[in-house]
>>> print(open('target.cif').read())   # mmCIF, C-alpha atoms
data_structure
#
loop_
_atom_site.label_atom_id
_atom_site.label_comp_id
_atom_site.auth_asym_id
_atom_site.auth_seq_id
_atom_site.Cartn_x
_atom_site.Cartn_y
_atom_site.Cartn_z
CA MET A 68 71.62 113.37 91.56
CA HIS A 69 75.30 112.82 90.89
CA ARG A 70 76.42 114.56 94.05
CA HIS A 71 73.91 112.44 95.92
CA PHE A 72 75.47 109.28 94.50
CA GLU A 73 78.99 110.29 95.52
CA GLU A 74 77.75 110.96 99.04
CA ASP A 75 75.92 107.64 99.26
CA LEU A 76 78.94 105.79 97.95
CA SER A 77 81.25 107.45 100.44
CA ASP A 78 78.72 106.63 103.15
CA LEU A 79 78.77 102.98 102.10
CA LYS A 80 82.56 102.90 102.29
CA GLN A 81 82.45 104.54 105.72
CA LYS A 82 79.99 101.95 107.05
CA LEU A 83 82.17 99.18 105.69
CA LEU A 84 85.18 100.61 107.51
CA THR A 85 83.16 100.74 110.74
CA MET A 86 82.28 97.09 110.14
CA GLY A 87 85.97 96.38 109.54
CA SER A 88 87.02 97.99 112.81
CA LEU A 89 84.35 96.15 114.82
CA VAL A 90 85.56 92.86 113.37
CA GLU A 91 89.23 93.73 113.89
CA ARG A 92 88.47 94.46 117.52
CA ALA A 93 86.62 91.15 117.94
CA LEU A 94 89.57 89.28 116.44
CA HIS A 95 92.03 91.09 118.67
CA GLN A 96 89.90 90.29 121.73
CA ALA A 97 89.62 86.63 120.71
CA VAL A 98 93.37 86.22 120.32
CA LYS A 99 94.06 88.07 123.57
CA ALA A 100 91.46 85.97 125.42
CA LEU A 101 93.19 82.84 124.15
CA VAL A 102 96.73 83.89 125.06
CA GLU A 103 95.83 85.41 128.43
CA ARG A 104 93.09 82.88 129.29
CA ASP A 105 90.74 85.79 129.89
CA ALA A 106 87.09 84.68 130.16
CA GLN A 107 85.81 88.24 130.54
CA LEU A 108 87.30 89.20 127.20
CA GLY A 109 85.81 86.08 125.63
CA LEU A 110 82.36 87.09 126.82
CA GLN A 111 82.75 90.57 125.34
CA ILE A 112 82.95 88.98 121.90
CA PHE A 113 79.48 87.47 122.30
CA GLU A 114 78.16 90.88 123.28
CA GLY A 115 79.69 92.52 120.20
CA GLU A 116 78.25 90.01 117.73
CA GLU A 117 74.84 91.60 117.30
CA ALA A 118 76.24 94.98 116.29
CA ILE A 119 78.28 93.26 113.57
CA ASN A 120 75.27 91.30 112.30
CA LEU A 121 73.03 94.37 112.16
CA LEU A 122 75.69 96.42 110.40
CA GLN A 123 76.13 93.68 107.80
CA ILE A 124 72.45 93.89 106.90
CA GLU A 125 72.51 97.68 106.82
CA ILE A 126 75.50 97.70 104.46
CA ASP A 127 73.85 95.15 102.17
CA ASP A 128 70.70 97.27 102.09
CA ARG A 129 72.60 100.41 101.22
CA ALA A 130 74.52 98.65 98.47
CA MET A 131 71.32 97.26 97.00
CA ARG A 132 69.68 100.67 97.10
CA LEU A 133 72.68 102.23 95.37
CA LEU A 134 72.47 99.60 92.65
CA ALA A 135 68.70 100.00 92.27
CA LEU A 136 68.36 103.76 92.37
CA GLN A 137 71.59 105.04 90.92
CA GLN A 138 72.47 102.56 88.20
CA PRO A 139 76.22 102.93 88.59
CA MET A 140 78.67 102.03 85.85
CA ALA A 141 82.02 100.22 85.57
CA THR A 142 84.32 101.30 88.40
CA ASP A 143 81.57 102.23 90.85
CA LEU A 144 79.70 99.04 90.12
CA ARG A 145 82.85 97.04 90.81
CA LEU A 146 83.33 98.90 94.06
CA ILE A 147 79.76 98.29 95.24
CA ALA A 148 79.85 94.61 94.30
CA SER A 149 83.14 94.24 96.17
CA ALA A 150 81.71 96.07 99.19
CA VAL A 151 78.97 93.42 99.37
CA LYS A 152 81.56 90.64 99.25
CA ILE A 153 83.90 92.25 101.76
CA ASN A 154 80.93 92.86 104.03
CA ASN A 155 80.14 89.16 103.85
CA ASP A 156 83.75 88.17 104.61
CA LEU A 157 83.84 90.50 107.59
CA GLU A 158 80.64 89.06 109.03
CA ARG A 159 82.08 85.56 108.69
CA ILE A 160 85.23 86.64 110.52
CA GLY A 161 82.96 87.96 113.26
CA ASP A 162 81.33 84.51 113.47
CA LEU A 163 84.73 82.85 113.61
CA CYS A 164 85.70 85.09 116.53
CA VAL A 165 82.60 83.87 118.36
CA ASN A 166 83.64 80.27 117.66
CA ILE A 167 87.14 80.99 118.94
CA ALA A 168 85.72 82.60 122.09
CA GLN A 169 83.57 79.51 122.75
CA ARG A 170 86.64 77.28 122.54
CA VAL A 171 88.66 79.66 124.72
CA LEU A 172 85.98 79.49 127.43
CA SER A 173 86.16 75.70 127.26
CA LEU A 174 89.99 75.81 127.48
CA ILE A 175 90.00 78.09 130.52
CA ASN A 176 88.14 75.43 132.52
CA GLN A 177 90.96 72.95 131.87
CA PRO A 178 94.64 72.96 132.83
CA PRO A 179 96.88 74.92 130.44
CA ILE A 180 98.46 73.00 127.58
CA SER A 181 102.04 73.65 126.58
CA PRO A 182 102.23 73.10 122.79
CA MET A 183 100.87 76.49 121.83
CA ILE A 184 104.07 77.97 120.53
CA ASP A 185 102.93 78.69 116.99
CA MET A 186 99.34 79.60 117.76
CA PRO A 187 99.91 83.24 118.83
CA ARG A 188 102.19 83.65 115.81
CA MET A 189 99.52 82.28 113.49
CA ALA A 190 96.90 84.50 115.12
CA ALA A 191 99.10 87.59 114.85
CA LEU A 192 99.63 86.85 111.17
CA ALA A 193 95.88 86.53 110.56
CA GLU A 194 95.29 89.79 112.42
CA LYS A 195 97.86 91.53 110.26
CA MET A 196 96.31 90.09 107.08
CA LEU A 197 92.90 91.45 108.03
CA HIS A 198 94.34 94.83 108.94
CA ASP A 199 96.38 95.07 105.73
CA GLY A 200 93.44 93.90 103.61
CA LEU A 201 91.25 96.68 105.01
CA ASP A 202 94.09 99.18 104.73
CA ALA A 203 94.59 98.17 101.09
CA PHE A 204 90.87 98.70 100.49
CA VAL A 205 90.89 102.20 102.00
CA ASN A 206 94.02 103.28 100.16
CA ARG A 207 93.33 101.34 96.95
CA ASN A 208 96.72 99.72 97.39
CA ALA A 209 96.96 96.59 95.22
CA ASP A 210 100.59 95.97 96.25
CA LEU A 211 99.65 95.79 99.91
CA ALA A 212 96.78 93.48 98.97
CA ARG A 213 99.24 91.18 97.24
CA THR A 214 101.32 90.80 100.42
CA VAL A 215 98.16 89.50 102.10
CA LEU A 216 97.90 86.73 99.50
CA GLU A 217 101.51 85.74 100.24
CA SER A 218 100.91 85.60 103.99
CA ASP A 219 98.12 83.09 103.50
CA ASP A 220 100.67 80.41 102.57
CA LYS A 221 102.55 81.06 105.82
CA VAL A 222 99.34 80.65 107.78
CA ASP A 223 98.64 77.34 106.07
CA ARG A 224 102.13 76.08 106.95
CA LEU A 225 101.69 77.09 110.59
CA ARG A 226 98.32 75.36 110.64
CA ASP A 227 99.94 72.13 109.42
CA ASP A 228 102.72 72.39 112.03
CA ILE A 229 100.22 72.99 114.82
CA PHE A 230 98.09 70.10 113.57
CA GLN A 231 100.98 67.63 113.65
CA GLU A 232 102.14 68.87 117.03
CA LEU A 233 98.69 68.53 118.56
CA VAL A 234 98.14 65.03 117.16
CA ARG A 235 101.46 63.93 118.68
CA PHE A 236 100.60 65.56 121.97
CA MET A 237 97.13 64.03 122.21
CA THR A 238 98.43 60.60 121.27
CA THR A 239 100.91 60.69 124.16
CA HIS A 240 98.57 62.55 126.56
CA PRO A 241 95.11 61.02 126.11
CA ASP A 242 93.85 62.95 129.13
CA ALA A 243 94.45 66.14 127.13
CA VAL A 244 92.33 65.16 124.10
CA GLN A 245 89.57 67.66 124.86
CA ARG A 246 92.08 70.52 125.25
CA GLY A 247 93.97 69.44 122.17
CA ILE A 248 90.79 69.46 120.09
CA ASP A 249 89.81 72.89 121.42
CA LEU A 250 93.18 74.21 120.27
CA LEU A 251 92.93 72.40 116.96
CA LEU A 252 89.56 73.95 116.23
CA ILE A 253 90.87 77.38 117.22
CA SER A 254 93.74 77.00 114.76
CA ARG A 255 91.22 76.04 112.03
CA ASN A 256 89.16 79.11 112.84
CA ILE A 257 92.23 81.33 112.65
CA GLU A 258 93.08 79.76 109.32
CA ARG A 259 89.60 80.61 108.06
CA VAL A 260 90.00 84.18 109.27
CA ALA A 261 93.13 84.32 107.12
CA ASP A 262 91.16 82.87 104.18
CA HIS A 263 88.55 85.60 104.49
CA ALA A 264 91.28 88.25 104.74
CA THR A 265 92.66 86.76 101.53
CA ASN A 266 89.24 87.09 99.89
CA ILE A 267 89.17 90.75 100.90
CA ALA A 268 92.62 91.30 99.41
CA GLU A 269 91.52 89.61 96.17
CA ASP A 270 88.53 91.93 96.01
CA VAL A 271 90.79 94.95 96.50
CA ILE A 272 92.94 93.84 93.57
CA TYR A 273 89.78 93.37 91.52
CA VAL A 274 88.52 96.85 92.38
CA VAL A 275 91.86 98.59 91.83
CA ALA A 276 93.24 96.67 88.88
CA GLY A 277 90.10 95.14 87.41
CA ARG A 278 91.70 91.72 87.63
CA ASP A 279 90.23 88.59 89.08
CA VAL A 280 92.92 86.81 91.07
CA ARG A 281 90.74 84.11 92.56
CA HIS A 282 91.76 80.55 91.84
CA HIS A 283 95.15 81.83 90.62
CA ILE A 284 93.93 83.03 87.25
CA GLU A 285 95.52 86.44 87.49
CA GLU A 286 96.44 86.31 83.82
CA THR A 287 92.78 86.65 82.91
CA ILE A 288 91.67 90.24 82.60
CA ARG A 289 87.98 90.83 83.11
CA PRO A 290 85.98 92.92 80.72
CA ASN A 291 85.09 96.27 82.29
CA MET B 44 66.71 95.22 74.59
CA HIS B 45 64.13 93.86 77.01
CA ARG B 46 63.98 90.46 75.39
CA HIS B 47 67.76 90.37 75.51
CA PHE B 48 67.67 90.96 79.25
CA GLU B 49 65.19 88.14 79.86
CA GLU B 50 67.39 85.80 77.87
CA ASP B 51 70.54 86.83 79.74
CA LEU B 52 68.79 86.44 83.08
CA SER B 53 67.50 83.00 82.20
CA ASP B 54 71.01 82.11 81.03
CA LEU B 55 72.41 83.23 84.39
CA LYS B 56 69.91 81.05 86.24
CA GLN B 57 70.77 78.13 84.00
CA LYS B 58 74.50 78.49 84.69
CA LEU B 59 73.80 78.67 88.40
CA LEU B 60 71.84 75.43 88.21
CA THR B 61 74.72 73.77 86.39
CA MET B 62 76.99 75.00 89.17
CA GLY B 63 74.51 73.60 91.69
CA SER B 64 74.50 70.17 90.09
CA LEU B 65 78.32 70.03 89.88
CA VAL B 66 78.53 70.84 93.57
CA GLU B 67 75.77 68.39 94.49
CA ARG B 68 77.67 65.69 92.66
CA ALA B 69 80.91 66.55 94.47
CA LEU B 70 79.13 66.39 97.82
CA HIS B 71 77.54 63.08 96.97
CA GLN B 72 80.92 61.69 95.90
CA ALA B 73 82.57 62.95 99.09
CA VAL B 74 79.99 61.32 101.33
CA LYS B 75 80.10 58.09 99.35
CA ALA B 76 83.91 58.06 99.43
CA LEU B 77 83.77 58.43 103.21
CA VAL B 78 81.20 55.70 103.82
CA GLU B 79 82.64 53.23 101.31
CA ARG B 80 86.30 54.16 101.93
CA ASP B 81 86.68 54.69 98.20
CA ALA B 82 89.94 56.48 97.32
CA GLN B 83 89.11 56.59 93.61
CA LEU B 84 85.95 58.54 94.29
CA GLY B 85 87.89 60.88 96.57
CA LEU B 86 90.33 61.63 93.78
CA GLN B 87 87.48 62.42 91.37
CA ILE B 88 86.53 65.33 93.61
CA PHE B 89 89.95 66.93 93.11
CA GLU B 90 89.50 66.58 89.37
CA GLY B 91 86.09 68.23 89.44
CA GLU B 92 87.24 71.26 91.44
CA GLU B 93 88.55 73.33 88.55
CA ALA B 94 85.29 73.19 86.60
CA ILE B 95 83.48 74.52 89.68
CA ASN B 96 85.99 77.33 90.17
CA LEU B 97 85.83 78.41 86.55
CA LEU B 98 82.05 78.34 86.50
CA GLN B 99 81.95 80.48 89.63
CA ILE B 100 83.96 83.19 87.89
CA GLU B 101 81.86 82.96 84.74
CA ILE B 102 78.63 83.35 86.72
CA ASP B 103 80.03 86.33 88.62
CA ASP B 104 81.04 87.92 85.32
CA ARG B 105 77.63 87.43 83.77
CA ALA B 106 75.91 88.84 86.84
CA MET B 107 78.17 91.90 86.81
CA ARG B 108 77.55 92.45 83.12
CA LEU B 109 73.79 92.19 83.65
CA LEU B 110 74.04 94.79 86.40
CA ALA B 111 76.24 97.08 84.35
CA LEU B 112 74.55 96.92 80.98
CA GLN B 113 70.92 96.32 81.80
CA GLN B 114 70.32 98.33 84.95
CA PRO B 115 67.70 95.97 86.34
CA MET B 116 65.17 97.07 88.94
CA ALA B 117 63.66 95.66 92.14
CA THR B 118 62.83 91.97 91.69
CA ASP B 119 65.41 91.28 88.99
CA LEU B 120 68.07 93.11 90.95
CA ARG B 121 67.27 91.01 94.00
CA LEU B 122 67.51 87.87 91.89
CA ILE B 123 70.89 88.81 90.41
CA ALA B 124 72.33 89.82 93.79
CA SER B 125 71.15 86.52 95.25
CA ALA B 126 72.63 84.61 92.32
CA VAL B 127 76.03 86.09 93.18
CA LYS B 128 75.67 85.03 96.80
CA ILE B 129 74.39 81.55 96.00
CA ASN B 130 77.24 81.17 93.52
CA ASN B 131 79.66 82.01 96.30
CA ASP B 132 78.05 79.53 98.71
CA LEU B 133 78.18 76.80 96.07
CA GLU B 134 81.87 77.40 95.42
CA ARG B 135 82.57 77.16 99.14
CA ILE B 136 80.69 73.88 99.33
CA GLY B 137 82.90 72.68 96.48
CA ASP B 138 85.96 73.62 98.56
CA LEU B 139 84.55 71.80 101.57
CA CYS B 140 84.09 68.67 99.46
CA VAL B 141 87.79 68.87 98.57
CA ASN B 142 88.63 69.17 102.29
CA ILE B 143 86.44 66.17 103.06
CA ALA B 144 88.10 64.16 100.29
CA GLN B 145 91.56 64.96 101.70
CA ARG B 146 90.50 63.67 105.12
CA VAL B 147 88.89 60.59 103.56
CA LEU B 148 92.15 59.74 101.79
CA SER B 149 93.94 60.07 105.12
CA LEU B 150 91.36 57.83 106.81
CA ILE B 151 91.59 55.11 104.19
CA ASN B 152 95.27 54.62 105.08
CA GLN B 153 94.31 53.81 108.67
CA PRO B 154 92.20 51.04 110.21
CA PRO B 155 88.45 51.75 110.22
CA ILE B 156 87.01 53.46 113.26
CA SER B 157 83.68 52.34 114.67
CA PRO B 158 82.01 55.44 116.13
CA MET B 159 80.70 56.74 112.83
CA ILE B 160 77.04 56.02 113.46
CA ASP B 161 75.74 59.56 113.10
CA MET B 162 78.11 60.76 110.41
CA PRO B 163 76.30 59.26 107.38
CA ARG B 164 73.03 60.58 108.83
CA MET B 165 74.49 64.04 109.22
CA ALA B 166 75.93 63.92 105.70
CA ALA B 167 72.63 62.75 104.23
CA LEU B 168 70.89 65.63 105.96
CA ALA B 169 73.36 68.17 104.56
CA GLU B 170 72.92 66.67 101.07
CA LYS B 171 69.15 67.00 101.36
CA MET B 172 69.48 70.59 102.56
CA LEU B 173 71.59 71.52 99.55
CA HIS B 174 69.21 69.75 97.18
CA ASP B 175 66.12 71.35 98.72
CA GLY B 176 67.77 74.79 98.77
CA LEU B 177 68.49 74.56 95.04
CA ASP B 178 65.05 73.11 94.37
CA ALA B 179 63.48 75.99 96.31
CA PHE B 180 65.49 78.44 94.20
CA VAL B 181 64.34 76.90 90.92
CA ASN B 182 60.70 76.71 91.95
CA ARG B 183 60.66 79.93 93.99
CA ASN B 184 59.38 77.86 96.89
CA ALA B 185 59.83 79.77 100.16
CA ASP B 186 58.14 77.04 102.21
CA LEU B 187 60.64 74.46 101.05
CA ALA B 188 63.43 76.93 101.82
CA ARG B 189 62.10 77.25 105.36
CA THR B 190 62.39 73.49 105.94
CA VAL B 191 66.10 73.85 105.11
CA LEU B 192 66.50 76.38 107.94
CA GLU B 193 64.88 73.92 110.35
CA SER B 194 67.18 71.08 109.31
CA ASP B 195 70.22 73.17 110.20
CA ASP B 196 69.42 72.79 113.91
CA LYS B 197 69.33 69.01 113.51
CA VAL B 198 72.74 69.10 111.84
CA ASP B 199 74.15 71.14 114.71
CA ARG B 200 72.83 68.65 117.25
CA LEU B 201 74.36 65.73 115.34
CA ARG B 202 77.66 67.63 115.15
CA ASP B 203 77.65 68.01 118.95
CA ASP B 204 76.85 64.33 119.48
CA ILE B 205 79.61 63.25 117.12
CA PHE B 206 82.02 65.63 118.80
CA GLN B 207 81.37 64.22 122.27
CA GLU B 208 81.53 60.67 120.99
CA LEU B 209 84.85 61.23 119.25
CA VAL B 210 86.42 62.96 122.27
CA ARG B 211 85.44 60.00 124.46
CA PHE B 212 86.75 57.55 121.90
CA MET B 213 90.11 59.29 121.46
CA THR B 214 90.58 59.65 125.21
CA THR B 215 90.20 55.90 125.65
CA HIS B 216 91.99 55.00 122.38
CA PRO B 217 94.99 57.33 122.10
CA ASP B 218 96.30 55.30 119.15
CA ALA B 219 93.21 56.45 117.22
CA VAL B 220 93.75 60.19 117.72
CA GLN B 221 94.70 60.84 114.10
CA ARG B 222 91.63 58.99 112.83
CA GLY B 223 89.40 60.66 115.37
CA ILE B 224 90.59 64.08 114.29
CA ASP B 225 90.08 63.24 110.63
CA LEU B 226 86.49 62.33 111.41
CA LEU B 227 86.03 65.38 113.58
CA LEU B 228 87.18 67.67 110.80
CA ILE B 229 84.94 65.89 108.31
CA SER B 230 81.96 66.46 110.60
CA ARG B 231 82.88 70.16 110.82
CA ASN B 232 83.09 70.35 107.05
CA ILE B 233 79.68 68.72 106.70
CA GLU B 234 78.30 71.19 109.23
CA ARG B 235 79.65 74.04 107.11
CA VAL B 236 78.06 72.55 103.99
CA ALA B 237 74.78 72.68 105.90
CA ASP B 238 75.50 76.31 106.86
CA HIS B 239 76.00 77.24 103.22
CA ALA B 240 72.83 75.38 102.23
CA THR B 241 71.10 77.47 104.91
CA ASN B 242 72.51 80.64 103.37
CA ILE B 243 71.11 79.56 100.00
CA ALA B 244 67.69 78.93 101.55
CA GLU B 245 67.78 82.37 103.20
CA ASP B 246 68.56 83.94 99.84
CA VAL B 247 65.63 82.11 98.26
CA ILE B 248 63.30 83.50 100.92
CA TYR B 249 64.74 86.95 100.29
CA VAL B 250 64.17 86.66 96.55
CA VAL B 251 60.68 85.21 96.81
CA ALA B 252 59.30 87.08 99.81
CA GLY B 253 61.55 90.12 99.91
CA ARG B 254 62.39 89.35 103.53
CA ASP B 255 65.76 89.13 105.12
CA VAL B 256 65.81 86.14 107.45
CA ARG B 257 69.47 86.25 108.34
CA HIS B 258 70.29 86.56 112.02
CA HIS B 259 66.66 85.68 112.85
CA ILE B 260 65.20 89.07 112.03
CA GLU B 261 62.44 87.79 109.80
CA GLU B 262 60.07 90.46 111.12
CA THR B 263 62.05 93.10 109.28
CA ILE B 264 60.81 93.74 105.76
CA ARG B 265 63.36 95.22 103.42
CA PRO B 266 62.53 98.21 101.28
CA ASN B 267 62.14 97.16 97.66
#
>>> encode(input="target.cif", output="structure tokens")
Amino acid sequence: MHRHFEEDLSDLKQKLLTMGSLVERALHQAVKALVERDAQLGLQIFEGEEAINLLQIEIDDRAMRLLALQQPMATDLRLIASAVKINNDLERIGDLCVNIAQRVLSLINQPPISPMIDMPRMAALAEKMLHDGLDAFVNRNADLARTVLESDDKVDRLRDDIFQELVRFMTTHPDAVQRGIDLLLISRNIERVADHATNIAEDVIYVVAGRDVRHHIEETIRPN
Amino acid sequence: MHRHFEEDLSDLKQKLLTMGSLVERALHQAVKALVERDAQLGLQIFEGEEAINLLQIEIDDRAMRLLALQQPMATDLRLIASAVKINNDLERIGDLCVNIAQRVLSLINQPPISPMIDMPRMAALAEKMLHDGLDAFVNRNADLARTVLESDDKVDRLRDDIFQELVRFMTTHPDAVQRGIDLLLISRNIERVADHATNIAEDVIYVVAGRDVRHHIEETIRPN
């Protein structure tokens, strides 16, 4: 029975990593489609969505079965609960990639817009946060997870810069309002990707250190 | 031991309902602040945020302890897992109310903008969805939960109408770009409130009927 549990748990982790790599790929495609104005790449994201959705449900099912049949304790329980949350965050990132792709397809039908300087930087940062969050999960690396939390502030600053720049641009170029809004919504979606990557990093810290760092209450130590 | 479990479970549900009513109040305040341009009400939402965040963590803790100490089976397990998810959705709605309040405070410093016809309707719909989702949870009413799923399509249509209307307005009134964007982001936040209410309704259906209705795969019946 115990060996069985270890196998099932390792299987759950493996599925979650597959989910992570599908979502990482979707994010990479979305950012590339934006920067290179590549409609084909945008369409690939729609095609990949179903696999992500189905895998989310499969992971949830496996986690629930582990909880129901194996009655895990302490550390394992924390791991399974976090797997469910990370799974949820990954699926949301997948949704956000679809939203980004929709906006990219709209943008490609319009003339290019110049004030995009910070957008690829913001996107690259969000990509790195997701990658590091997943890496921290695999390697149980709470320090790496903490760097993800720090990056989230940078993303928020870039979002504010882009916001101000786009408002100025649209005000002086009313014919570019539609394009400006497309870009604005893309930057919001990227920001939300970063938020979900932050959630994942918080879960890693919770699993590894048993601390809840949500809402900046790291001082509080949870009962095991 | 068994009586203890029933008590703890009922306590968990009670806490979740408290969380639900805090979040419902925040949403109601946010919508009212928007419609009545009431800065005072907007500020109250910031003040209420911490209580919501703390309650989220407390509910998560209780759910984890129930899982760890009581080893619940089938129906109870499904209920506890859904409580964790609903808790998460409620906290996100709380965040969205804070975002809405920030935009409302920005709007109040600018002249009023006329194309807001559908916004109060959309907000009222999202409020009803949240209320019905929570009501369905309390009364284990899967039919009521299903009406919430239907309303989500209406919200999406209103969002699209508002979007088109605001783009047209900003294009012809470039001096109103900032206001237009504030309203646009509010409408996106309301849409996301509706999405979270939909998640809650899906969880209710899962708890009551044991069916997973995410991603429109209602035909699939989960193993208990």
>>> resolve_selection(input="target.cif", expression="the PyMOL selection byres ((chain A) within 9 of (chain B))", output="PyMOL selection string")
chain A and resi 117+120-121+124+128+131-132+134-136+138-141+144-145+148+152+234-235+237-245+248+252+279+281-282+289-291
>>> residues_around(input="target.cif", residues="A:Asp156", least_positions_apart="5", cutoff="8 Å", atoms="all atoms listed in the file", output="count of residues only")
4
>>> atom_distance(input="target.cif", atom1="atom CA of A:Leu146", atom2="atom CA of A:Val274")
5.8 Å
>>> atom_distance(input="target.cif", atom1="atom CA of B:Leu77", atom2="atom CA of B:Cys140")
10.9 Å
>>> resolve_selection(input="target.cif", expression="the PyMOL selection byres ((chain A and resi 76-80) around 10)", output="ChimeraX atom specification")
/A:70-75,81-86,125-130,133,143,146-147,150-151,204-205
>>> write_last_selection(input="target.cif", atoms="C-alpha atoms", output="PDB file, keeping the file's coordinate frame")
ATOM      1  CA  ARG A  70      76.420 114.560  94.050  1.00  0.00           C
ATOM      2  CA  HIS A  71      73.910 112.440  95.920  1.00  0.00           C
ATOM      3  CA  PHE A  72      75.470 109.280  94.500  1.00  0.00           C
ATOM      4  CA  GLU A  73      78.990 110.290  95.520  1.00  0.00           C
ATOM      5  CA  GLU A  74      77.750 110.960  99.040  1.00  0.00           C
ATOM      6  CA  ASP A  75      75.920 107.640  99.260  1.00  0.00           C
ATOM      7  CA  GLN A  81      82.450 104.540 105.720  1.00  0.00           C
ATOM      8  CA  LYS A  82      79.990 101.950 107.050  1.00  0.00           C
ATOM      9  CA  LEU A  83      82.170  99.180 105.690  1.00  0.00           C
ATOM     10  CA  LEU A  84      85.180 100.610 107.510  1.00  0.00           C
ATOM     11  CA  THR A  85      83.160 100.740 110.740  1.00  0.00           C
ATOM     12  CA  MET A  86      82.280  97.090 110.140  1.00  0.00           C
ATOM     13  CA  GLU A 125      72.510  97.680 106.820  1.00  0.00           C
ATOM     14  CA  ILE A 126      75.500  97.700 104.460  1.00  0.00           C
ATOM     15  CA  ASP A 127      73.850  95.150 102.170  1.00  0.00           C
ATOM     16  CA  ASP A 128      70.700  97.270 102.090  1.00  0.00           C
ATOM     17  CA  ARG A 129      72.600 100.410 101.220  1.00  0.00           C
ATOM     18  CA  ALA A 130      74.520  98.650  98.470  1.00  0.00           C
ATOM     19  CA  LEU A 133      72.680 102.230  95.370  1.00  0.00           C
ATOM     20  CA  ASP A 143      81.570 102.230  90.850  1.00  0.00           C
ATOM     21  CA  LEU A 146      83.330  98.900  94.060  1.00  0.00           C
ATOM     22  CA  ILE A 147      79.760  98.290  95.240  1.00  0.00           C
ATOM     23  CA  ALA A 150      81.710  96.070  99.190  1.00  0.00           C
ATOM     24  CA  VAL A 151      78.970  93.420  99.370  1.00  0.00           C
ATOM     25  CA  PHE A 204      90.870  98.700 100.490  1.00  0.00           C
ATOM     26  CA  VAL A 205      90.890 102.200 102.000  1.00  0.00           C
TER      27      VAL A 205
END
>>> atom_distance(input="target.cif", atom1="atom CA of A:Asn176", atom2="atom CA of A:Asn256")
20.0 Å
>>> closest_atom_pairs(input="target.cif", of="stretch 227-284 of chain A", to="stretch 208-220 of chain A", cutoff="12 Å", atoms="all atoms listed in the file", output="JSON lines")
{"residue": "A:Asp227", "atom": "CA", "partner": "A:Asp220", "partner_atom": "CA", "distance": 10.8}
{"residue": "A:Ile257", "atom": "CA", "partner": "A:Asp219", "partner_atom": "CA", "distance": 11.0}
{"residue": "A:Glu258", "atom": "CA", "partner": "A:Asp219", "partner_atom": "CA", "distance": 8.4}
{"residue": "A:Arg259", "atom": "CA", "partner": "A:Asp219", "partner_atom": "CA", "distance": 10.0}
{"residue": "A:Val260", "atom": "CA", "partner": "A:Asp219", "partner_atom": "CA", "distance": 10.0}
{"residue": "A:Ala261", "atom": "CA", "partner": "A:Asp219", "partner_atom": "CA", "distance": 6.3}
{"residue": "A:Asp262", "atom": "CA", "partner": "A:Asp219", "partner_atom": "CA", "distance": 7.0}
{"residue": "A:His263", "atom": "CA", "partner": "A:Asp219", "partner_atom": "CA", "distance": 9.9}
{"residue": "A:Ala264", "atom": "CA", "partner": "A:Val215", "partner_atom": "CA", "distance": 7.5}
{"residue": "A:Thr265", "atom": "CA", "partner": "A:Leu216", "partner_atom": "CA", "distance": 5.6}
{"residue": "A:Asn266", "atom": "CA", "partner": "A:Leu216", "partner_atom": "CA", "distance": 8.7}
{"residue": "A:Ile267", "atom": "CA", "partner": "A:Ala212", "partner_atom": "CA", "distance": 8.3}
{"residue": "A:Ala268", "atom": "CA", "partner": "A:Ala212", "partner_atom": "CA", "distance": 4.7}
{"residue": "A:Glu269", "atom": "CA", "partner": "A:Ala212", "partner_atom": "CA", "distance": 7.1}
{"residue": "A:Asp270", "atom": "CA", "partner": "A:Ala212", "partner_atom": "CA", "distance": 8.9}
{"residue": "A:Val271", "atom": "CA", "partner": "A:Ala209", "partner_atom": "CA", "distance": 6.5}
{"residue": "A:Ile272", "atom": "CA", "partner": "A:Ala209", "partner_atom": "CA", "distance": 5.1}
{"residue": "A:Tyr273", "atom": "CA", "partner": "A:Ala209", "partner_atom": "CA", "distance": 8.7}
{"residue": "A:Val274", "atom": "CA", "partner": "A:Ala209", "partner_atom": "CA", "distance": 8.9}
{"residue": "A:Val275", "atom": "CA", "partner": "A:Ala209", "partner_atom": "CA", "distance": 6.4}
{"residue": "A:Ala276", "atom": "CA", "partner": "A:Ala209", "partner_atom": "CA", "distance": 7.4}
{"residue": "A:Gly277", "atom": "CA", "partner": "A:Ala209", "partner_atom": "CA", "distance": 10.5}
{"residue": "A:Arg278", "atom": "CA", "partner": "A:Ala209", "partner_atom": "CA", "distance": 10.4}
{"residue": "A:Val280", "atom": "CA", "partner": "A:Leu216", "partner_atom": "CA", "distance": 9.8}
{"residue": "A:Arg281", "atom": "CA", "partner": "A:Leu216", "partner_atom": "CA", "distance": 10.3}
{"residue": "A:His282", "atom": "CA", "partner": "A:Leu216", "partner_atom": "CA", "distance": 11.6}
{"residue": "A:His283", "atom": "CA", "partner": "A:Leu216", "partner_atom": "CA", "distance": 10.5}
>>> closest_residue(input="target.cif", among="B:Leu84, B:Ala69, B:Ala167, B:Leu173", to="B:Leu139", atoms="only C-alpha atoms")
B:Ala69
>>> resolve_selection(input="target.cif", expression="the PyMOL selection byres ((chain A and resi 170-175) around 7)", output="PyMOL selection string")
chain A and resi 100-101+104+106+109+166-169+176-177+246+249+253
>>> axis_aligned_box(input="target.cif", around="stretch 104-119 of chain B", padding_each_side="6 Å", output="lines of an AutoDock Vina configuration file")
center_x = 71.9
center_y = 92.9
center_z = 86.6
size_x = 30.2
size_y = 22.9
size_z = 23.2
>>> closest_residue(input="target.cif", among="B:Lys171, B:Arg202, B:Arg135, B:Ile156", to="B:His71", atoms="all atoms listed in the file")
B:Lys171
